[in-house]
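What follows is the content of query01.cif (mmCIF, C-alpha atoms and all ligand atoms).
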data_data
loop_
_atom_site.label_atom_id
_atom_site.label_comp_id
_atom_site.auth_asym_id
_atom_site.auth_seq_id
_atom_site.Cartn_x
_atom_site.Cartn_y
_atom_site.Cartn_z
CA MET A 1 5.85 -30.78 25.35
CA GLU A 2 4.49 -28.61 28.12
CA THR A 3 0.72 -27.95 28.00
CA ILE A 4 -0.01 -24.22 27.90
CA ARG A 5 -2.85 -23.37 30.25
CA ILE A 6 -5.01 -20.58 28.88
CA GLY A 7 -7.44 -18.09 30.40
CA ILE A 8 -9.65 -16.12 27.99
CA ILE A 9 -10.96 -12.65 28.83
CA GLY A 10 -14.07 -11.76 26.81
CA HIS A 11 -16.38 -14.49 25.54
CA GLY A 12 -17.83 -12.71 22.53
CA PHE A 13 -17.15 -13.41 18.85
CA MET A 14 -13.39 -13.79 19.17
CA GLY A 15 -13.44 -15.36 22.65
CA HIS A 16 -15.59 -18.18 21.22
CA GLU A 17 -13.14 -18.61 18.33
CA HIS A 18 -10.23 -18.97 20.76
CA GLU A 19 -12.18 -21.38 22.97
CA SER A 20 -13.09 -23.57 20.04
CA MET A 21 -9.62 -23.59 18.42
CA LEU A 22 -7.63 -24.09 21.61
CA THR A 23 -9.81 -26.91 22.92
CA ARG A 24 -8.98 -28.91 19.78
CA LEU A 25 -5.25 -28.05 19.46
CA ASP A 26 -2.58 -30.26 21.02
CA GLY A 27 -0.46 -28.59 23.67
CA TYR A 28 -3.20 -26.25 24.93
CA LYS A 29 -5.78 -26.42 27.70
CA VAL A 30 -8.42 -23.74 28.16
CA VAL A 31 -8.64 -23.47 31.95
CA GLY A 32 -11.21 -20.72 32.34
CA ILE A 33 -13.04 -17.77 30.81
CA SER A 34 -14.19 -14.44 32.22
CA ASP A 35 -16.56 -11.80 30.88
CA THR A 36 -18.05 -8.71 32.48
CA ASP A 37 -21.41 -9.76 31.02
CA PRO A 38 -22.45 -13.00 32.81
CA LYS A 39 -24.81 -13.90 29.94
CA GLN A 40 -21.75 -14.33 27.71
CA LEU A 41 -20.53 -17.16 29.94
CA GLU A 42 -23.71 -19.24 29.67
CA ASP A 43 -22.40 -21.35 26.79
CA VAL A 44 -18.84 -21.90 28.03
CA LYS A 45 -17.89 -25.50 27.21
CA GLU A 46 -18.07 -28.25 29.86
CA GLY A 47 -14.93 -28.57 31.96
CA ILE A 48 -13.88 -24.92 31.57
CA LYS A 49 -14.13 -22.61 34.60
CA ARG A 50 -16.39 -19.55 34.48
CA TYR A 51 -14.75 -16.83 36.56
CA ALA A 52 -16.90 -14.36 38.47
CA ASN A 53 -14.51 -11.58 37.42
CA ASN A 54 -11.12 -11.01 35.77
CA GLU A 55 -9.30 -10.85 39.12
CA GLU A 56 -10.30 -14.44 39.83
CA MET A 57 -8.58 -15.43 36.59
CA PHE A 58 -5.50 -13.31 37.32
CA ASN A 59 -5.23 -15.02 40.73
CA ASP A 60 -5.67 -18.54 39.34
CA PRO A 61 -2.28 -20.32 39.52
CA GLU A 62 -3.52 -22.79 36.89
CA VAL A 63 -3.49 -20.08 34.18
CA ASP A 64 -0.15 -19.50 32.39
CA VAL A 65 -1.30 -17.30 29.51
CA VAL A 66 -4.17 -14.83 29.30
CA ILE A 67 -5.79 -14.14 25.93
CA ILE A 68 -7.41 -10.70 25.92
CA ALA A 69 -10.41 -10.79 23.59
CA ALA A 70 -12.40 -7.87 25.02
CA ASN A 71 -13.33 -4.62 23.26
CA ASN A 72 -10.37 -2.56 22.00
CA ASN A 73 -10.73 0.12 24.68
CA GLN A 74 -10.18 -2.55 27.37
CA HIS A 75 -6.81 -3.82 26.11
CA HIS A 76 -4.66 -1.22 27.92
CA ASP A 77 -5.95 -1.89 31.42
CA LEU A 78 -6.31 -5.64 30.97
CA VAL A 79 -2.76 -6.09 29.64
CA ILE A 80 -1.39 -4.12 32.60
CA GLN A 81 -3.44 -6.11 35.11
CA ALA A 82 -2.43 -9.43 33.53
CA ALA A 83 1.27 -8.44 33.51
CA LYS A 84 1.12 -7.41 37.18
CA ALA A 85 -0.42 -10.80 37.96
CA GLY A 86 2.61 -12.42 36.29
CA LYS A 87 0.64 -13.90 33.36
CA ASP A 88 1.98 -14.14 29.82
CA ILE A 89 -0.27 -12.26 27.41
CA ILE A 90 -1.72 -12.68 23.96
CA CYS A 91 -3.71 -9.54 23.20
CA GLU A 92 -6.19 -9.22 20.37
CA LYS A 93 -5.54 -6.69 17.65
CA PRO A 94 -5.36 -3.71 17.59
CA VAL A 95 -2.98 -4.04 20.52
CA ALA A 96 -3.96 -0.56 21.80
CA MET A 97 -6.03 2.49 20.86
CA ASN A 98 -2.94 4.70 20.40
CA LEU A 99 0.83 4.84 20.86
CA ALA A 100 0.68 6.37 24.33
CA GLU A 101 -1.43 3.44 25.56
CA LEU A 102 0.93 0.90 24.04
CA ASP A 103 4.03 2.54 25.50
CA ASP A 104 2.39 2.46 28.91
CA MET A 105 1.58 -1.24 28.51
CA VAL A 106 5.09 -2.13 27.36
CA LYS A 107 6.65 -0.35 30.34
CA VAL A 108 4.66 -2.48 32.80
CA VAL A 109 5.12 -5.69 30.78
CA ASP A 110 8.90 -5.12 30.78
CA GLU A 111 8.96 -4.43 34.51
CA CYS A 112 6.99 -7.62 35.16
CA GLY A 113 9.08 -9.71 32.73
CA VAL A 114 6.17 -11.53 31.09
CA ASN A 115 5.77 -12.52 27.43
CA PHE A 116 3.54 -10.19 25.43
CA THR A 117 2.40 -10.71 21.84
CA VAL A 118 -0.58 -9.91 19.64
CA HIS A 119 -3.03 -12.17 17.81
CA HIS A 120 -2.15 -11.29 14.22
CA GLN A 121 -3.22 -14.67 12.89
CA ARG A 122 -3.87 -13.13 9.46
CA ARG A 123 -0.14 -13.37 8.83
CA TYR A 124 -1.13 -16.97 8.05
CA ASP A 125 -3.95 -16.15 5.60
CA LYS A 126 -3.46 -18.24 2.45
CA ASP A 127 -3.99 -15.28 0.11
CA PHE A 128 -1.41 -13.14 1.91
CA ARG A 129 1.15 -15.94 2.27
CA THR A 130 0.79 -16.78 -1.42
CA MET A 131 1.56 -13.19 -2.36
CA LYS A 132 4.44 -13.11 0.13
CA ASN A 133 5.82 -16.28 -1.50
CA VAL A 134 5.67 -14.52 -4.87
CA PHE A 135 7.39 -11.45 -3.43
CA ASP A 136 10.11 -13.42 -1.61
CA SER A 137 10.88 -15.54 -4.70
CA GLU A 138 11.71 -12.34 -6.67
CA THR A 139 10.11 -14.02 -9.68
CA LEU A 140 8.42 -10.74 -10.71
CA GLY A 141 11.75 -8.91 -11.02
CA ASP A 142 11.67 -5.37 -9.69
CA VAL A 143 8.29 -5.00 -7.99
CA TYR A 144 6.92 -1.47 -8.36
CA SER A 145 3.35 -1.81 -7.08
CA ILE A 146 1.39 -3.93 -4.58
CA LYS A 147 -2.31 -3.46 -3.95
CA SER A 148 -4.28 -5.23 -1.24
CA SER A 149 -8.01 -4.62 -1.03
CA LEU A 150 -11.11 -5.80 0.78
CA TYR A 151 -14.63 -4.74 -0.13
CA GLY A 152 -17.86 -5.38 1.73
CA PHE A 153 -21.09 -5.27 -0.25
CA ASN A 154 -23.84 -5.29 2.39
CA GLY A 155 -23.13 -2.03 4.24
CA ASN A 156 -22.85 -3.77 7.63
CA MET A 157 -21.01 -2.39 10.66
CA HIS A 158 -22.02 -4.01 13.92
CA ASP A 159 -22.16 -3.69 17.71
CA TRP A 160 -19.48 -1.57 19.46
CA HIS A 161 -17.49 -1.35 16.21
CA VAL A 162 -19.52 1.79 15.35
CA TYR A 163 -18.34 3.75 18.42
CA ILE A 164 -15.03 5.65 18.64
CA ALA A 165 -14.80 5.30 22.41
CA GLU A 166 -14.86 1.48 22.18
CA GLY A 167 -12.16 1.40 19.50
CA GLY A 168 -14.54 0.96 16.56
CA GLY A 169 -14.00 1.66 12.87
CA MET A 170 -12.59 -0.37 10.03
CA LEU A 171 -9.03 0.88 10.40
CA PHE A 172 -8.89 -0.74 13.86
CA ASP A 173 -10.89 -3.75 12.74
CA TRP A 174 -9.55 -5.05 9.39
CA GLY A 175 -7.16 -2.19 8.61
CA VAL A 176 -4.73 -3.29 11.27
CA HIS A 177 -4.52 -6.75 9.66
CA LEU A 178 -4.10 -5.44 6.11
CA LEU A 179 -1.39 -2.97 7.13
CA ASP A 180 0.39 -5.53 9.30
CA GLN A 181 0.48 -7.89 6.31
CA MET A 182 1.87 -5.23 3.99
CA LEU A 183 4.66 -4.27 6.41
CA TRP A 184 5.50 -7.88 7.23
CA MET A 185 5.64 -8.70 3.49
CA MET A 186 8.87 -6.67 3.27
CA PRO A 187 10.19 -6.34 6.82
CA GLY A 188 13.48 -4.58 5.93
CA ALA A 189 11.87 -1.81 3.87
CA LYS A 190 11.19 1.61 5.34
CA ILE A 191 8.11 3.70 4.53
CA LYS A 192 9.18 7.10 3.27
CA SER A 193 5.73 8.70 3.11
CA VAL A 194 2.05 8.00 3.64
CA PHE A 195 -0.92 9.54 1.86
CA ALA A 196 -4.40 8.47 2.85
CA ASP A 197 -8.11 9.00 2.68
CA VAL A 198 -10.02 7.78 5.74
CA ARG A 199 -13.77 8.39 5.72
CA ASN A 200 -17.06 7.81 7.44
CA VAL A 201 -19.15 7.16 4.33
CA ILE A 202 -22.34 6.37 6.23
CA ASN A 203 -21.27 5.81 9.85
CA PHE A 204 -21.66 8.73 12.25
CA GLU A 205 -18.56 8.20 14.37
CA VAL A 206 -16.14 5.76 12.79
CA ASP A 207 -14.35 5.15 9.52
CA ASP A 208 -15.91 2.68 7.10
CA TYR A 209 -13.63 3.42 4.12
CA PHE A 210 -9.92 4.00 3.69
CA LYS A 211 -7.28 4.08 0.99
CA ILE A 212 -3.70 4.25 2.22
CA LEU A 213 -0.73 4.77 -0.10
CA MET A 214 2.75 4.00 1.21
CA LYS A 215 5.92 4.87 -0.66
CA PHE A 216 8.65 2.44 0.44
CA ASP A 217 12.39 3.05 0.18
CA ASN A 218 12.70 -0.10 -1.98
CA GLY A 219 10.81 1.76 -4.72
CA ILE A 220 7.46 0.04 -4.15
CA MET A 221 4.23 2.00 -3.96
CA ALA A 222 1.88 -0.06 -1.80
CA GLU A 223 -1.84 0.55 -1.52
CA VAL A 224 -4.34 -0.81 0.97
CA GLU A 225 -8.00 -0.09 0.31
CA LEU A 226 -11.08 -1.18 2.25
CA GLY A 227 -14.70 -0.17 1.98
CA THR A 228 -17.80 -1.56 3.65
CA TYR A 229 -20.18 0.44 1.52
CA PHE A 230 -19.68 -0.61 -2.09
CA LEU A 231 -23.18 -2.00 -2.41
CA THR A 232 -24.28 -4.63 -4.84
CA ASP A 233 -27.20 -7.04 -5.05
CA LYS A 234 -25.57 -9.54 -7.40
CA MET A 235 -23.05 -11.31 -5.23
CA ASP A 236 -24.61 -14.81 -4.99
CA ASN A 237 -24.17 -14.79 -1.20
CA LYS A 238 -20.57 -13.62 -1.55
CA TRP A 239 -20.80 -10.48 0.53
CA PHE A 240 -17.15 -9.49 0.57
CA GLU A 241 -14.23 -9.68 -1.81
CA ARG A 242 -10.49 -9.89 -1.30
CA HIS A 243 -8.01 -8.91 -4.02
CA TRP A 244 -4.27 -8.60 -4.50
CA ILE A 245 -2.27 -7.37 -7.46
CA MET A 246 1.53 -7.17 -7.56
CA GLY A 247 3.33 -5.68 -10.53
CA GLY A 248 7.01 -6.20 -11.38
CA ASN A 249 9.08 -5.64 -14.50
CA LYS A 250 9.10 -9.41 -15.14
CA GLY A 251 5.41 -10.08 -14.66
CA THR A 252 2.24 -9.52 -12.67
CA ALA A 253 0.69 -11.67 -9.94
CA TYR A 254 -3.01 -11.33 -9.28
CA LEU A 255 -5.09 -13.11 -6.68
CA ASP A 256 -8.77 -13.06 -5.75
CA GLY A 257 -10.40 -14.48 -2.65
CA PHE A 258 -9.34 -15.83 0.75
CA ASP A 259 -9.31 -19.25 -0.91
CA PRO A 260 -6.95 -17.87 -3.46
CA GLN A 261 -7.50 -17.98 -7.19
CA GLY A 262 -5.08 -16.22 -9.48
CA ALA A 263 -1.94 -16.51 -11.57
CA ILE A 264 1.38 -15.04 -12.51
CA VAL A 265 1.25 -13.57 -16.00
CA ARG A 266 4.28 -12.61 -18.07
CA THR A 267 5.04 -11.55 -21.60
CA ASN A 268 7.66 -13.54 -23.45
CA GLY A 269 8.95 -10.45 -25.23
CA LEU A 270 8.68 -6.69 -25.06
CA LEU A 271 5.35 -5.54 -26.44
CA GLN A 272 6.38 -1.96 -27.05
CA ASN A 273 7.49 -2.61 -30.64
CA VAL A 274 4.52 -4.62 -31.87
CA GLY A 275 2.73 -3.00 -34.80
CA GLY A 276 -0.21 -0.93 -33.53
CA GLN A 277 -3.21 -3.12 -34.26
CA ARG A 278 -6.62 -1.48 -34.40
CA THR A 279 -9.15 -3.42 -32.31
CA MET A 280 -12.80 -2.47 -31.97
CA THR A 281 -14.08 -2.55 -28.36
CA ALA A 282 -17.16 -1.28 -26.54
CA ALA A 283 -15.04 1.79 -25.66
CA GLY A 284 -14.36 2.42 -29.34
CA PRO A 285 -11.30 1.49 -31.41
CA THR A 286 -8.04 0.99 -29.50
CA ARG A 287 -4.43 -0.05 -30.09
CA SER A 288 -3.00 -0.02 -26.52
CA PHE A 289 -5.82 -1.96 -24.87
CA GLY A 290 -6.64 -4.60 -27.47
CA PRO A 291 -5.77 -8.29 -27.01
CA PRO A 292 -2.03 -9.10 -26.96
CA PRO A 293 -0.48 -10.64 -30.05
CA GLU A 294 -0.92 -14.44 -30.21
CA GLY A 295 1.51 -16.36 -27.97
CA LYS A 296 2.95 -13.33 -26.19
CA LEU A 297 1.27 -13.85 -22.80
CA VAL A 298 2.46 -16.72 -20.62
CA THR A 299 0.52 -17.75 -17.52
CA GLU A 300 1.99 -19.63 -14.54
CA PRO A 301 0.26 -20.98 -11.45
CA LEU A 302 0.67 -19.12 -8.17
CA PRO A 303 2.87 -20.82 -5.56
CA LEU A 304 -0.15 -21.42 -3.30
CA ALA A 305 0.52 -21.32 0.45
CA ASP A 306 -0.94 -24.02 2.65
CA THR A 307 -1.18 -22.08 5.91
CA THR A 308 -4.00 -21.92 8.47
CA HIS A 309 -4.75 -19.78 11.51
CA GLU A 310 -3.83 -22.74 13.70
CA ASP A 311 -0.23 -22.11 12.63
CA TYR A 312 -0.29 -18.97 14.79
CA PHE A 313 -0.76 -21.11 17.90
CA GLU A 314 1.77 -23.66 16.64
CA ASN A 315 4.34 -20.83 16.58
CA TYR A 316 3.16 -19.62 19.99
CA ARG A 317 3.61 -23.11 21.50
CA LYS A 318 7.12 -23.47 20.10
CA ALA A 319 8.07 -19.95 21.20
CA PHE A 320 6.64 -20.65 24.67
CA ASP A 321 8.93 -23.72 24.81
CA GLY A 322 11.88 -21.58 23.66
CA GLN A 323 12.22 -23.36 20.29
CA GLU A 324 11.53 -20.30 18.13
CA GLU A 325 10.69 -16.62 18.41
CA PHE A 326 7.15 -15.31 18.86
CA LEU A 327 6.12 -14.42 15.31
CA VAL A 328 4.42 -11.16 16.25
CA LYS A 329 6.71 -8.68 17.97
CA ILE A 330 5.45 -5.63 19.86
CA PRO A 331 7.63 -3.10 17.97
CA GLU A 332 5.98 -4.35 14.73
CA THR A 333 2.53 -3.71 16.18
CA ARG A 334 3.72 -0.27 17.36
CA ARG A 335 4.81 0.55 13.81
CA VAL A 336 1.36 -0.39 12.50
CA LEU A 337 -0.30 1.84 15.13
CA ARG A 338 2.01 4.71 14.10
CA LEU A 339 1.13 4.09 10.47
CA MET A 340 -2.59 4.26 11.25
CA GLU A 341 -2.03 7.54 13.10
CA ALA A 342 -0.12 8.91 10.08
CA ALA A 343 -2.95 7.78 7.78
CA ARG A 344 -5.51 9.61 9.92
CA GLU A 345 -3.34 12.73 9.94
CA SER A 346 -2.92 12.61 6.15
CA ALA A 347 -6.68 12.22 5.72
CA ARG A 348 -7.32 15.12 8.07
CA THR A 349 -4.81 17.50 6.46
CA GLY A 350 -5.04 16.28 2.85
CA LYS A 351 -1.23 16.11 2.86
CA SER A 352 1.35 13.39 2.50
CA ILE A 353 3.11 12.55 5.79
CA ASP A 354 6.86 11.82 6.02
CA PHE A 355 7.16 8.58 7.92
CA GLU A 356 10.54 6.83 8.38
N1 LIG B 401 -7.88 -11.41 15.20
C1 LIG B 401 -9.06 -11.36 14.60
O1 LIG B 401 -9.24 -11.82 13.48
C2 LIG B 401 -10.21 -10.70 15.30
C3 LIG B 401 -11.52 -10.85 14.81
C4 LIG B 401 -12.57 -10.23 15.50
C5 LIG B 401 -12.30 -9.49 16.66
N2 LIG B 401 -11.01 -9.37 17.07
C6 LIG B 401 -10.68 -8.58 18.28
O2 LIG B 401 -11.17 -9.28 19.41
C7 LIG B 401 -11.59 -8.36 20.41
C8 LIG B 401 -13.05 -8.64 20.75
O3 LIG B 401 -13.83 -8.38 19.60
P1 LIG B 401 -15.22 -9.15 19.37
O4 LIG B 401 -15.64 -8.83 18.00
O5 LIG B 401 -15.08 -10.59 19.80
O6 LIG B 401 -16.15 -8.39 20.42
P2 LIG B 401 -17.46 -8.93 21.12
O7 LIG B 401 -18.24 -7.74 21.47
O8 LIG B 401 -18.11 -9.98 20.31
O9 LIG B 401 -16.87 -9.62 22.44
C9 LIG B 401 -16.22 -8.89 23.43
C10 LIG B 401 -16.55 -9.50 24.78
O10 LIG B 401 -15.70 -8.92 25.77
C11 LIG B 401 -16.49 -8.67 26.94
N3 LIG B 401 -15.82 -7.63 27.72
C12 LIG B 401 -15.75 -6.29 27.46
N4 LIG B 401 -14.98 -5.67 28.39
C13 LIG B 401 -14.53 -6.65 29.22
C14 LIG B 401 -13.67 -6.63 30.36
N5 LIG B 401 -13.13 -5.52 30.82
N6 LIG B 401 -13.44 -7.82 30.98
C15 LIG B 401 -13.99 -8.96 30.53
N7 LIG B 401 -14.81 -9.03 29.46
C16 LIG B 401 -15.06 -7.88 28.80
C17 LIG B 401 -17.86 -8.28 26.41
O11 LIG B 401 -18.88 -8.46 27.36
C18 LIG B 401 -18.00 -9.24 25.22
O12 LIG B 401 -18.59 -10.47 25.60
C19 LIG B 401 -11.37 -6.97 19.80
O13 LIG B 401 -10.14 -6.48 20.24
C20 LIG B 401 -11.34 -7.22 18.32
O14 LIG B 401 -10.59 -6.27 17.59
C21 LIG B 401 -9.98 -9.97 16.44
#
Go ahead and render the structure in this file as C-alpha cells.
Ligand SMILES: NC(=O)c1ccc[n+]([C@@H]2O[C@H](COP(=O)([O-])OP(=O)(O)OC[C@H]3O[C@@H](n4cnc5c(N)ncnc54)[C@H](O)[C@@H]3O)[C@@H](O)[C@H]2O)c1
Amino acid sequence: METIRIGIIGHGFMGHEHESMLTRLDGYKVVGISDTDPKQLEDVKEGIKRYANNEEMFNDPEVDVVIIAANNNQHHDLVIQAAKAGKDIICEKPVAMNLAELDDMVKVVDECGVNFTVHHQRRYDKDFRTMKNVFDSETLGDVYSIKSSLYGFNGNMHDWHVYIAEGGGMLFDWGVHLLDQMLWMMPGAKIKSVFADVRNVINFEVDDYFKILMKFDNGIMAEVELGTYFLTDKMDNKWFERHWIMGGNKGTAYLDGFDPQGAIVRTNGLLQNVGGQRTMTAAGPTRSFGPPPEGKLVTEPLPLADTTHEDYFENYRKAFDGQEEFLVKIPETRRVLRLMEAARESARTGKSIDFE
C-alpha cells in the first residue's frame, strides 16, 4: 500500500480535524500545513512542516494530495492553483460558491489531469446510512415521504459563516451535507421540482433557516429543514437535534440523533375498517388520533449502520490505489450546487422551480 502524502491548506476548525484524523490513519502521512494567518500554524503537530505560504506547499514534491480547508470563497482559486501544480485535490464542501466557479475549476482540473473530489464525509454518518439501508432494502414498500431535519437551539452562527462574501450561511454550511445525503440516498431518481423557503431569521447577511421540498420522479416528496434559531432552555446540554422520518405503504421508519435511536413501525392489518373508538385526549375527544387497537402495531429494530468518517479516507486510499472509485464525484456536487441555487430562486420568487 502506497502512503498518500498530504498537504493541508487552512489550519482552522476543519484543518485541525484533518490533521488529527490523518496522522492516526494507516496509509496517510501529513507532510505539511499552510495558512495565511501564521498564528494558526502555532500548534501544528511535531514533525509536520509549516509552510510560509501556499506556493511553498504547491512546490513541495513530497506532497501528493492537497486538502483545501480554507474559507468557502477561497476554494475556486486554491483548487486551480493546486491543479496547475499537479497536485491531486480534496476540497472541503461546498466545493464552490456557485456553478460558474465550479465549471471554471473543473476545466483547469481536466486540463491538468489531476484527481479532484470533495470532502462529503457525512455520506458516512450513521443516522444517514441507517436510513439509506432502510430505503435500499425496500422494506417500507412504496416510499412516499422522506424528511431530514436538523435544529439548533442556541442561536449560534460563528466567525466568517455570517458573511455572504466568505461563503457563509447555513445552506453552504450544513445544507450542502443534508442535500447531498438526500440525493445520494436515491441516485437514479430525478428531481422534478423544488419549492423552498430560505431565510435570515436573525442574521443580517446569511440564511439561518431553510425548508426545501423536492418532488422526485419516483413519487417521493423529500423535505430538508434546518433552523439555528428554534430556541429552548431545556435541552440538558443537547444543543442540536437530528431527525429522520421515512413513510412507505408498508411501514414508517423514524430516527433521532447522530447516534441513532429509532425503529421501523408497521401495522399488521389495515386500520381503515376498525370501529371508530372514541378516546378522550387533551385536544378533546378523537377517533382518528387515539391509540391503535391492541396488537395492531408491530415494531422492528432499525438496521443500524456501523460507519464512521474515517471510512471516507478509507475509500479515498483505495481509489487513489485504483482499487475502487472515489465515492464523491464532481457532477454530484455540481447537482447539489444547482439545487441550492434553485432553492434560493424559489425562496426569492415564492414559486416552485422545475428542475430536471
Ligand atoms: N466537512 C465538514 O464537515 C466541514 C465542517 C466544518 C467546515 N468545513 C469546511 O471547511 C472549510 C474551512 O472551514 P472552517 O470552519 O475550518 O474555517 P476556519 O475559519 O476555522 O478555518 C479556515 C482557515 O483557513 C485559513 N485560510 C483562509 N484563506 C486561506 C488561504 N487562501 N490560504 C491558506 N489558508 C487560508 C484561515 O486563516 C483559517 O485558519 C470550509 O470550506 C467549510 O465549509 C467542512
Shell around Leu150 (chain A) at 6 Å using only C-alpha atoms, local window under 5 positions removed, as JSON, numbers by chain = {"A": [226, 241, 242]}
request  = Please identify the residues whose atoms come within 7 Å of ligand LIG 401 (chain B), using all atoms listed in the file, and report them as an NGL selection string.
outcome  = :A and (9-15 or 34-37 or 40 or 54 or 69-72 or 74 or 78 or 92-94 or 119-122 or 159-160 or 172-173)
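With CA of Ala305 (chain A) on one side and CA of Arg129 (chain A) on the other, the separation reads 5.7 Å.
Considering the residues A:Ala82, A:Val224, A:Leu231, A:Ile67 and counting only C-alpha atoms, Met182 (chain A) has its shortest atom-to-atom contact with A:Val224.
Omitting Asn249 (chain A) and its sequence neighbours fewer than 2 positions away, and counting all atoms listed in the file, the residues within 9 Å are A:Leu140, A:Gly141, A:Asp142, A:Val143, A:Tyr144, A:Gly247, A:Gly251, A:Thr252.
Proximity to Arg335 (chain A) was assessed for A:Arg317, A:Arg266, A:Lys190, A:His309 counting all atoms listed in the file; the smallest distance is recorded for A:Lys190.
Of the listed residues (A:Met235, A:Val79, A:Val44, A:Val194), A:Val194 comes nearest to Asp217 (chain A); the distances count all atoms listed in the file.
The space separating CA of His158 (chain A) from CA of Lys211 (chain A) comes to 21.2 Å.
Note that CA of Val108 (chain A) and CA of Asp321 (chain A) are 23.1 Å apart.
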remark   = Thr308 (chain A) proximity check over A:Leu183, A:Met21, A:Ile33, A:Ile6, using only C-alpha atoms: winner is A:Met21
Polymer residues at most 12 Å from (2.4, -14.9, -0.7) by all atoms listed in the file, as a PyMOL selection string = chain A and resi 123-139+146+148+181-182+184-186+244-246+253-255+258+260+262-264+302-307
Using only C-alpha atoms, give me every residue within 12 Å of (-5.9, -23.2, 40.1) in file coordinates, as a PDB file with C-alpha atoms, in the frame of the given file.
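Contents of selection_27.pdb, freshly written:
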ATOM      1  CA  ARG A   5      -2.850 -23.370  30.250  1.00  0.00           C
ATOM      2  CA  ILE A   6      -5.010 -20.580  28.880  1.00  0.00           C
ATOM      3  CA  GLY A   7      -7.440 -18.090  30.400  1.00  0.00           C
ATOM      4  CA  VAL A  31      -8.640 -23.470  31.950  1.00  0.00           C
ATOM      5  CA  GLY A  32     -11.210 -20.720  32.340  1.00  0.00           C
ATOM      6  CA  ILE A  48     -13.880 -24.920  31.570  1.00  0.00           C
ATOM      7  CA  LYS A  49     -14.130 -22.610  34.600  1.00  0.00           C
ATOM      8  CA  TYR A  51     -14.750 -16.830  36.560  1.00  0.00           C
ATOM      9  CA  GLU A  56     -10.300 -14.440  39.830  1.00  0.00           C
ATOM     10  CA  MET A  57      -8.580 -15.430  36.590  1.00  0.00           C
ATOM     11  CA  PHE A  58      -5.500 -13.310  37.320  1.00  0.00           C
ATOM     12  CA  ASN A  59      -5.230 -15.020  40.730  1.00  0.00           C
ATOM     13  CA  ASP A  60      -5.670 -18.540  39.340  1.00  0.00           C
ATOM     14  CA  PRO A  61      -2.280 -20.320  39.520  1.00  0.00           C
ATOM     15  CA  GLU A  62      -3.520 -22.790  36.890  1.00  0.00           C
ATOM     16  CA  VAL A  63      -3.490 -20.080  34.180  1.00  0.00           C
ATOM     17  CA  ASP A  64      -0.150 -19.500  32.390  1.00  0.00           C
TER      18      ASP A  64
END
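When only C-alpha atoms are used to measure the gap to Gly47 (chain A), the shortest distance among A:His18, A:Arg338, A:Arg287, A:Lys29 belongs to A:Lys29.
Closest approach to Ala189 (chain A) from the set A:Thr117, A:Ser288, A:Asn203, A:Asn218 is made by A:Asn218, with distances taken over all atoms listed in the file.
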Return the padded bounding box of region 24-35 of chain A as AutoDock Vina command-line options: axis-aligned, built from all atoms listed in the file, 5 Å added on each side, with centre and edge lengths in Å to one decimal.
--center_x -8.5 --center_y -21.0 --center_z 25.9 --size_x 26.1 --size_y 28.5 --size_z 22.9
key: Spatial neighbours of Thr267 (chain A), max dist 10 Å, all atoms listed in the file, sep filter under 6 positions, as an MDAnalysis selection string   = chainID A and resid 250:252 292 295:299
